[in-house]
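What follows is protein.cif (mmCIF, N, CA and C atoms).
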```
data_entry
loop_
_atom_site.group_PDB
_atom_site.id
_atom_site.type_symbol
_atom_site.label_atom_id
_atom_site.label_comp_id
_atom_site.auth_asym_id
_atom_site.auth_seq_id
_atom_site.Cartn_x
_atom_site.Cartn_y
_atom_site.Cartn_z
ATOM 1 N N MET A 29 2.389 8.107 48.709
ATOM 2 C CA MET A 29 1.236 7.706 47.945
ATOM 3 C C MET A 29 1.723 7.213 46.588
ATOM 4 N N SER A 30 1.302 6.046 46.196
ATOM 5 C CA SER A 30 1.754 5.433 44.955
ATOM 6 C C SER A 30 0.769 5.733 43.832
ATOM 7 N N THR A 31 1.313 5.967 42.644
ATOM 8 C CA THR A 31 0.437 6.180 41.490
ATOM 9 C C THR A 31 0.319 4.877 40.722
ATOM 10 N N SER A 32 -0.818 4.631 40.179
ATOM 11 C CA SER A 32 -1.053 3.407 39.428
ATOM 12 C C SER A 32 -0.507 3.570 38.016
ATOM 13 N N GLN A 33 0.368 2.667 37.622
ATOM 14 C CA GLN A 33 0.914 2.690 36.274
ATOM 15 C C GLN A 33 0.610 1.360 35.610
ATOM 16 N N PRO A 34 0.367 1.369 34.322
ATOM 17 C CA PRO A 34 0.081 0.107 33.639
ATOM 18 C C PRO A 34 1.271 -0.837 33.698
ATOM 19 N N ASP A 35 0.980 -2.099 33.754
ATOM 20 C CA ASP A 35 2.011 -3.129 33.782
ATOM 21 C C ASP A 35 2.666 -3.192 32.404
ATOM 22 N N ALA A 36 3.946 -2.906 32.314
ATOM 23 C CA ALA A 36 4.662 -2.872 31.039
ATOM 24 C C ALA A 36 4.711 -4.239 30.370
ATOM 25 N N SER A 37 4.551 -5.308 31.144
ATOM 26 C CA SER A 37 4.634 -6.640 30.550
ATOM 27 C C SER A 37 3.317 -7.068 29.916
ATOM 28 N N ARG A 38 2.238 -6.339 30.184
ATOM 29 C CA ARG A 38 0.935 -6.660 29.601
ATOM 30 C C ARG A 38 0.672 -5.799 28.383
ATOM 31 N N PRO A 39 0.268 -6.389 27.256
ATOM 32 C CA PRO A 39 -0.061 -5.547 26.094
ATOM 33 C C PRO A 39 -1.307 -4.728 26.390
ATOM 34 N N SER A 40 -1.372 -3.552 25.814
ATOM 35 C CA SER A 40 -2.542 -2.714 26.036
ATOM 36 C C SER A 40 -3.754 -3.335 25.363
ATOM 37 N N GLU A 41 -4.923 -2.908 25.794
ATOM 38 C CA GLU A 41 -6.158 -3.454 25.221
ATOM 39 C C GLU A 41 -6.253 -3.156 23.734
ATOM 40 N N ALA A 42 -5.722 -2.021 23.308
ATOM 41 C CA ALA A 42 -5.777 -1.661 21.884
ATOM 42 C C ALA A 42 -4.971 -2.634 21.043
ATOM 43 N N ARG A 43 -3.880 -3.141 21.606
ATOM 44 C CA ARG A 43 -3.043 -4.055 20.837
ATOM 45 C C ARG A 43 -3.587 -5.476 20.852
ATOM 46 N N THR A 44 -4.463 -5.791 21.754
ATOM 47 C CA THR A 44 -5.003 -7.148 21.810
ATOM 48 C C THR A 44 -6.381 -7.219 21.186
ATOM 49 N N GLY A 45 -6.854 -6.137 20.593
ATOM 50 C CA GLY A 45 -8.189 -6.083 20.040
ATOM 51 C C GLY A 45 -8.338 -6.727 18.682
ATOM 52 N N GLY A 46 -7.342 -7.423 18.174
ATOM 53 C CA GLY A 46 -7.462 -8.116 16.892
ATOM 54 C C GLY A 46 -7.446 -7.157 15.724
ATOM 55 N N ASP A 47 -8.600 -6.846 15.179
ATOM 56 C CA ASP A 47 -8.699 -6.020 13.978
ATOM 57 C C ASP A 47 -8.403 -4.548 14.222
ATOM 58 N N ASP A 48 -8.316 -4.124 15.467
ATOM 59 C CA ASP A 48 -8.066 -2.721 15.773
ATOM 60 C C ASP A 48 -6.593 -2.354 15.697
ATOM 61 N N ARG A 49 -5.739 -3.318 15.441
ATOM 62 C CA ARG A 49 -4.308 -3.038 15.397
ATOM 63 C C ARG A 49 -3.940 -2.339 14.103
ATOM 64 N N ALA A 50 -2.975 -1.461 14.178
ATOM 65 C CA ALA A 50 -2.495 -0.765 12.984
ATOM 66 C C ALA A 50 -1.508 -1.654 12.243
ATOM 67 N N THR A 51 -1.536 -1.570 10.933
ATOM 68 C CA THR A 51 -0.592 -2.328 10.114
ATOM 69 C C THR A 51 0.750 -1.609 10.127
ATOM 70 N N PRO A 52 1.823 -2.344 10.393
ATOM 71 C CA PRO A 52 3.144 -1.705 10.388
ATOM 72 C C PRO A 52 3.450 -1.097 9.026
ATOM 73 N N ASP A 53 4.132 0.029 9.026
ATOM 74 C CA ASP A 53 4.415 0.763 7.803
ATOM 75 C C ASP A 53 5.132 -0.080 6.763
ATOM 76 N N ASP A 54 6.057 -0.958 7.181
ATOM 77 C CA ASP A 54 6.808 -1.734 6.199
ATOM 78 C C ASP A 54 5.938 -2.742 5.464
ATOM 79 N N LEU A 55 4.738 -3.040 5.967
ATOM 80 C CA LEU A 55 3.833 -3.948 5.280
ATOM 81 C C LEU A 55 2.879 -3.211 4.344
ATOM 82 N N LEU A 56 2.853 -1.904 4.408
ATOM 83 C CA LEU A 56 1.936 -1.134 3.576
ATOM 84 C C LEU A 56 2.467 -0.873 2.175
ATOM 85 N N HIS A 57 3.753 -0.982 1.994
ATOM 86 C CA HIS A 57 4.332 -0.690 0.693
ATOM 87 C C HIS A 57 4.151 -1.876 -0.244
ATOM 88 N N ALA A 58 3.732 -1.588 -1.463
ATOM 89 C CA ALA A 58 3.381 -2.641 -2.406
ATOM 90 C C ALA A 58 4.576 -3.171 -3.194
ATOM 91 N N ARG A 59 5.497 -2.303 -3.538
ATOM 92 C CA ARG A 59 6.593 -2.729 -4.398
ATOM 93 C C ARG A 59 7.611 -3.545 -3.621
ATOM 94 N N THR A 60 8.087 -4.581 -4.274
ATOM 95 C CA THR A 60 9.087 -5.442 -3.649
ATOM 96 C C THR A 60 10.405 -5.374 -4.400
ATOM 97 N N GLY A 61 10.593 -4.321 -5.169
ATOM 98 C CA GLY A 61 11.819 -4.185 -5.938
ATOM 99 C C GLY A 61 11.721 -4.824 -7.309
ATOM 100 N N THR A 62 10.577 -5.388 -7.638
ATOM 101 C CA THR A 62 10.392 -6.008 -8.944
ATOM 102 C C THR A 62 9.882 -4.964 -9.936
ATOM 103 N N GLU A 63 9.961 -5.277 -11.200
ATOM 104 C CA GLU A 63 9.474 -4.381 -12.240
ATOM 105 C C GLU A 63 7.967 -4.167 -12.083
ATOM 106 N N VAL A 64 7.539 -2.980 -12.404
ATOM 107 C CA VAL A 64 6.115 -2.655 -12.400
ATOM 108 C C VAL A 64 5.618 -2.784 -13.824
ATOM 109 N N SER A 65 4.600 -3.610 -14.012
ATOM 110 C CA SER A 65 4.055 -3.803 -15.358
ATOM 111 C C SER A 65 2.862 -2.878 -15.564
ATOM 112 N N PRO A 66 2.496 -2.631 -16.811
ATOM 113 C CA PRO A 66 1.287 -1.843 -17.068
ATOM 114 C C PRO A 66 0.052 -2.476 -16.408
ATOM 115 N N GLU A 67 -0.009 -3.804 -16.390
ATOM 116 C CA GLU A 67 -1.140 -4.479 -15.756
ATOM 117 C C GLU A 67 -1.196 -4.160 -14.264
ATOM 118 N N ASP A 68 -0.030 -4.118 -13.610
ATOM 119 C CA ASP A 68 0.018 -3.761 -12.188
ATOM 120 C C ASP A 68 -0.574 -2.375 -11.967
ATOM 121 N N LEU A 69 -0.196 -1.445 -12.819
ATOM 122 C CA LEU A 69 -0.655 -0.070 -12.676
ATOM 123 C C LEU A 69 -2.161 0.037 -12.912
ATOM 124 N N VAL A 70 -2.658 -0.651 -13.929
ATOM 125 C CA VAL A 70 -4.098 -0.631 -14.220
ATOM 126 C C VAL A 70 -4.882 -1.185 -13.027
ATOM 127 N N LEU A 71 -4.441 -2.312 -12.502
ATOM 128 C CA LEU A 71 -5.155 -2.928 -11.378
ATOM 129 C C LEU A 71 -5.067 -2.072 -10.119
ATOM 130 N N ALA A 72 -3.923 -1.454 -9.871
ATOM 131 C CA ALA A 72 -3.780 -0.590 -8.703
ATOM 132 C C ALA A 72 -4.688 0.627 -8.797
ATOM 133 N N ALA A 73 -4.977 1.056 -10.019
ATOM 134 C CA ALA A 73 -5.863 2.196 -10.225
ATOM 135 C C ALA A 73 -7.333 1.789 -10.124
ATOM 136 N N GLY A 74 -7.594 0.496 -9.976
ATOM 137 C CA GLY A 74 -8.972 0.030 -9.866
ATOM 138 C C GLY A 74 -9.693 -0.038 -11.196
ATOM 139 N N ARG A 75 -8.925 -0.106 -12.263
ATOM 140 C CA ARG A 75 -9.509 -0.152 -13.605
ATOM 141 C C ARG A 75 -9.491 -1.577 -14.141
ATOM 142 N N ASP A 76 -10.304 -1.819 -15.148
ATOM 143 C CA ASP A 76 -10.291 -3.107 -15.844
ATOM 144 C C ASP A 76 -9.100 -3.136 -16.796
ATOM 145 N N VAL A 77 -8.548 -4.328 -16.989
ATOM 146 C CA VAL A 77 -7.429 -4.488 -17.920
ATOM 147 C C VAL A 77 -7.997 -4.530 -19.339
ATOM 148 N N THR A 78 -7.929 -3.398 -19.998
ATOM 149 C CA THR A 78 -8.393 -3.257 -21.380
ATOM 150 C C THR A 78 -7.252 -2.646 -22.185
ATOM 151 N N PRO A 79 -7.289 -2.773 -23.512
ATOM 152 C CA PRO A 79 -6.227 -2.154 -24.316
ATOM 153 C C PRO A 79 -6.080 -0.646 -24.049
ATOM 154 N N LYS A 80 -7.181 0.059 -23.881
ATOM 155 C CA LYS A 80 -7.133 1.502 -23.628
ATOM 156 C C LYS A 80 -6.451 1.787 -22.286
ATOM 157 N N ASN A 81 -6.812 1.042 -21.249
ATOM 158 C CA ASN A 81 -6.217 1.259 -19.935
ATOM 159 C C ASN A 81 -4.748 0.832 -19.893
ATOM 160 N N LEU A 82 -4.405 -0.207 -20.638
ATOM 161 C CA LEU A 82 -3.003 -0.628 -20.705
ATOM 162 C C LEU A 82 -2.148 0.438 -21.389
ATOM 163 N N GLU A 83 -2.690 1.074 -22.414
ATOM 164 C CA GLU A 83 -1.968 2.146 -23.086
ATOM 165 C C GLU A 83 -1.778 3.327 -22.141
ATOM 166 N N TRP A 84 -2.812 3.657 -21.369
ATOM 167 C CA TRP A 84 -2.700 4.717 -20.362
ATOM 168 C C TRP A 84 -1.577 4.382 -19.378
ATOM 169 N N ALA A 85 -1.532 3.133 -18.930
ATOM 170 C CA ALA A 85 -0.525 2.706 -17.960
ATOM 171 C C ALA A 85 0.877 2.753 -18.561
ATOM 172 N N ARG A 86 1.004 2.364 -19.823
ATOM 173 C CA ARG A 86 2.316 2.412 -20.482
ATOM 174 C C ARG A 86 2.842 3.852 -20.547
ATOM 175 N N ARG A 87 1.945 4.775 -20.899
ATOM 176 C CA ARG A 87 2.348 6.191 -20.962
ATOM 177 C C ARG A 87 2.733 6.706 -19.575
ATOM 178 N N LYS A 88 1.951 6.353 -18.587
ATOM 179 C CA LYS A 88 2.217 6.800 -17.215
ATOM 180 C C LYS A 88 3.550 6.234 -16.709
ATOM 181 N N LEU A 89 3.814 4.968 -16.998
ATOM 182 C CA LEU A 89 5.088 4.370 -16.595
ATOM 183 C C LEU A 89 6.260 5.010 -17.335
ATOM 184 N N ALA A 90 6.053 5.345 -18.604
ATOM 185 C CA ALA A 90 7.117 5.993 -19.378
ATOM 186 C C ALA A 90 7.425 7.372 -18.808
ATOM 187 N N ASP A 91 6.388 8.087 -18.364
ATOM 188 C CA ASP A 91 6.571 9.432 -17.817
ATOM 189 C C ASP A 91 7.102 9.429 -16.388
ATOM 190 N N GLU A 92 6.562 8.536 -15.545
ATOM 191 C CA GLU A 92 6.844 8.591 -14.106
ATOM 192 C C GLU A 92 7.690 7.439 -13.586
ATOM 193 N N GLY A 93 7.849 6.388 -14.379
ATOM 194 C CA GLY A 93 8.585 5.219 -13.918
ATOM 195 C C GLY A 93 7.806 4.462 -12.838
ATOM 196 N N PRO A 94 8.478 3.589 -12.107
ATOM 197 C CA PRO A 94 7.811 2.782 -11.090
ATOM 198 C C PRO A 94 7.132 3.597 -9.981
ATOM 199 N N ALA A 95 7.542 4.853 -9.835
ATOM 200 C CA ALA A 95 6.907 5.715 -8.822
ATOM 201 C C ALA A 95 5.426 5.944 -9.129
ATOM 202 N N ALA A 96 5.011 5.704 -10.378
ATOM 203 C CA ALA A 96 3.595 5.867 -10.727
ATOM 204 C C ALA A 96 2.739 4.939 -9.881
ATOM 205 N N LEU A 97 3.225 3.745 -9.598
ATOM 206 C CA LEU A 97 2.469 2.805 -8.769
ATOM 207 C C LEU A 97 2.429 3.298 -7.332
ATOM 208 N N ASP A 98 3.527 3.830 -6.840
ATOM 209 C CA ASP A 98 3.571 4.345 -5.461
ATOM 210 C C ASP A 98 2.589 5.481 -5.258
ATOM 211 N N LYS A 99 2.385 6.278 -6.300
ATOM 212 C CA LYS A 99 1.465 7.405 -6.194
ATOM 213 C C LYS A 99 0.013 6.960 -6.103
ATOM 214 N N LEU A 100 -0.284 5.774 -6.624
ATOM 215 C CA LEU A 100 -1.662 5.271 -6.605
ATOM 216 C C LEU A 100 -2.002 4.544 -5.302
ATOM 217 N N LEU A 101 -0.999 3.980 -4.683
ATOM 218 C CA LEU A 101 -1.238 3.186 -3.480
ATOM 219 C C LEU A 101 -0.885 3.971 -2.226
ATOM 220 N N PRO A 102 -1.590 3.644 -1.133
ATOM 221 C CA PRO A 102 -1.292 4.348 0.120
ATOM 222 C C PRO A 102 0.096 4.072 0.625
#
```
Can the structure in the file be given as C-alpha cells, please?
Amino acid sequence: MSTSQPDASRPSEARTGGDDRATPDDLLHARTGTEVSPEDLVLAAGRDVTPKNLEWARRKLADEGPAALDKLLP
C-alpha cells in the first residue's frame, strides 16, 4: 500500500500564496554597515524630526552606539 506524499518539485500552497510568504531573515535587518544618524534613530522610533527628538537620539547613540537602532527595529 502506497502512502501519498507531496510532490517535492511543486511549491507548497503556502509558498505560492503571494502575500502569505514569510520575509527571509536577512531582509529584515535594517543596518547595512553604514553609520547610524540621529535622524535614522528618530524616524525608526516613529517620532517627528524635531530638535528635542534629535537630542534624545544623540544621547541614545552616545550611550548605546549603533545597536540603539537594532533595539528599535524588529
Adding 8 Å on each side of the box along x, y and z that holds all listed atoms of range 71-79 of chain A, could you give its centre and edge lengths in Å to one decimal, as JSON?
```
{"center_x": -7.0, "center_y": -1.2, "center_z": -16.5, "size_x": 22.5, "size_y": 22.7, "size_z": 31.6}
```
Q | Hits of the PyMOL selection byres ((chain A and resi 85) around 7) in this structure, as a list of chain:residue names | A |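 Checking the PyMOL selection byres ((chain A and resi 85) around 7) against this file, the residues are A:Ser65, A:Pro66, A:Glu67, A:Leu69, A:Val70, A:Lys80, A:Asn81, A:Leu82, A:Glu83, A:Trp84, A:Arg86, A:Arg87, A:Lys88, A:Leu89, A:Ala90.
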Q) Any idea what the distance is between atom C of Ala72 in chain A and atom N of Leu101 in chain A? A)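 Atom C of Ala72 in chain A sits 6.5 Å away from atom N of Leu101 in chain A.
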Q: Quick one: pull the distance between CA of Arg75 in chain A and atom N of Ala50 in chain A, Å, one decimal.
A: 28.6 Å
Q: For atom N of Pro102 in chain A and CA of Asp76 in chain A, determine how far apart the two atoms are, in Å to one decimal place.
A: 18.4 Å
Completion step: range 75-86 of chain A with all heavy atoms as a CSV table (one decimal), in the frame of the given file:
```csv
chain,number,residue,atom,x,y,z
A,75,ARG,N,-8.9,-0.1,-12.3
A,75,ARG,CA,-9.5,-0.2,-13.6
A,75,ARG,C,-9.5,-1.6,-14.1
A,75,ARG,O,-8.7,-2.4,-13.7
A,75,ARG,CB,-8.7,0.7,-14.6
A,75,ARG,CG,-8.7,2.2,-14.2
A,75,ARG,CD,-7.9,3.0,-15.1
A,75,ARG,NE,-7.9,4.4,-14.8
A,75,ARG,CZ,-7.4,5.4,-15.5
A,75,ARG,NH1,-6.9,5.1,-16.7
A,75,ARG,NH2,-7.4,6.6,-15.2
A,76,ASP,N,-10.3,-1.8,-15.1
A,76,ASP,CA,-10.3,-3.1,-15.8
A,76,ASP,C,-9.1,-3.1,-16.8
A,76,ASP,O,-8.7,-2.1,-17.3
A,76,ASP,CB,-11.6,-3.3,-16.7
A,76,ASP,CG,-12.8,-3.5,-15.8
A,76,ASP,OD1,-12.7,-4.0,-14.7
A,76,ASP,OD2,-13.9,-3.1,-16.2
A,77,VAL,N,-8.5,-4.3,-17.0
A,77,VAL,CA,-7.4,-4.5,-17.9
A,77,VAL,C,-8.0,-4.5,-19.3
A,77,VAL,O,-8.5,-5.5,-19.8
A,77,VAL,CB,-6.6,-5.8,-17.6
A,77,VAL,CG1,-5.5,-5.9,-18.6
A,77,VAL,CG2,-6.1,-5.7,-16.2
A,78,THR,N,-7.9,-3.4,-20.0
A,78,THR,CA,-8.4,-3.3,-21.4
A,78,THR,C,-7.3,-2.6,-22.2
A,78,THR,O,-6.3,-2.0,-21.6
A,78,THR,CB,-9.6,-2.3,-21.5
A,78,THR,OG1,-9.2,-1.0,-21.1
A,78,THR,CG2,-10.8,-2.8,-20.6
A,79,PRO,N,-7.3,-2.8,-23.5
A,79,PRO,CA,-6.2,-2.2,-24.3
A,79,PRO,C,-6.1,-0.6,-24.0
A,79,PRO,O,-5.0,-0.1,-24.0
A,79,PRO,CB,-6.7,-2.4,-25.8
A,79,PRO,CG,-7.5,-3.7,-25.6
A,79,PRO,CD,-8.2,-3.6,-24.3
A,80,LYS,N,-7.2,0.1,-23.9
A,80,LYS,CA,-7.1,1.5,-23.6
A,80,LYS,C,-6.5,1.8,-22.3
A,80,LYS,O,-5.6,2.7,-22.2
A,80,LYS,CB,-8.6,2.1,-23.6
A,80,LYS,CG,-8.6,3.5,-23.4
A,80,LYS,CD,-10.1,4.0,-23.4
A,80,LYS,CE,-10.1,5.5,-23.0
A,80,LYS,NZ,-11.5,6.0,-23.0
A,81,ASN,N,-6.8,1.0,-21.2
A,81,ASN,CA,-6.2,1.3,-19.9
A,81,ASN,C,-4.7,0.8,-19.9
A,81,ASN,O,-3.9,1.5,-19.2
A,81,ASN,CB,-7.0,0.5,-18.9
A,81,ASN,CG,-8.4,1.2,-18.6
A,81,ASN,OD1,-8.6,2.4,-18.9
A,81,ASN,ND2,-9.3,0.4,-18.1
A,82,LEU,N,-4.4,-0.2,-20.6
A,82,LEU,CA,-3.0,-0.6,-20.7
A,82,LEU,C,-2.1,0.4,-21.4
A,82,LEU,O,-1.0,0.7,-21.0
A,82,LEU,CB,-2.9,-2.0,-21.4
A,82,LEU,CG,-3.4,-3.2,-20.6
A,82,LEU,CD1,-3.4,-4.4,-21.5
A,82,LEU,CD2,-2.5,-3.4,-19.4
A,83,GLU,N,-2.7,1.1,-22.4
A,83,GLU,CA,-2.0,2.1,-23.1
A,83,GLU,C,-1.8,3.3,-22.1
A,83,GLU,O,-0.7,3.9,-22.1
A,83,GLU,CB,-2.7,2.6,-24.4
A,83,GLU,CG,-2.0,3.6,-25.2
A,83,GLU,CD,-0.5,3.2,-25.5
A,83,GLU,OE1,-0.3,2.0,-25.8
A,83,GLU,OE2,0.4,4.1,-25.5
A,84,TRP,N,-2.8,3.7,-21.4
A,84,TRP,CA,-2.7,4.7,-20.4
A,84,TRP,C,-1.6,4.4,-19.4
A,84,TRP,O,-0.7,5.2,-19.1
A,84,TRP,CB,-4.0,4.8,-19.6
A,84,TRP,CG,-3.9,5.6,-18.3
A,84,TRP,CD1,-3.9,7.0,-18.2
A,84,TRP,CD2,-3.8,5.1,-17.0
A,84,TRP,NE1,-3.8,7.3,-16.9
A,84,TRP,CE2,-3.7,6.2,-16.1
A,84,TRP,CE3,-3.7,3.8,-16.5
A,84,TRP,CZ2,-3.5,6.0,-14.8
A,84,TRP,CZ3,-3.6,3.6,-15.2
A,84,TRP,CH2,-3.5,4.7,-14.3
A,85,ALA,N,-1.5,3.1,-18.9
A,85,ALA,CA,-0.5,2.7,-18.0
A,85,ALA,C,0.9,2.8,-18.6
A,85,ALA,O,1.8,3.2,-17.9
A,85,ALA,CB,-0.9,1.3,-17.5
A,86,ARG,N,1.0,2.4,-19.8
A,86,ARG,CA,2.3,2.4,-20.5
A,86,ARG,C,2.8,3.9,-20.5
A,86,ARG,O,4.0,4.1,-20.3
A,86,ARG,CB,2.2,1.8,-21.9
A,86,ARG,CG,2.2,0.3,-21.9
A,86,ARG,CD,2.2,-0.2,-23.3
A,86,ARG,NE,1.8,-1.6,-23.3
A,86,ARG,CZ,0.6,-2.1,-23.6
A,86,ARG,NH1,-0.4,-1.3,-23.9
A,86,ARG,NH2,0.3,-3.4,-23.5
```
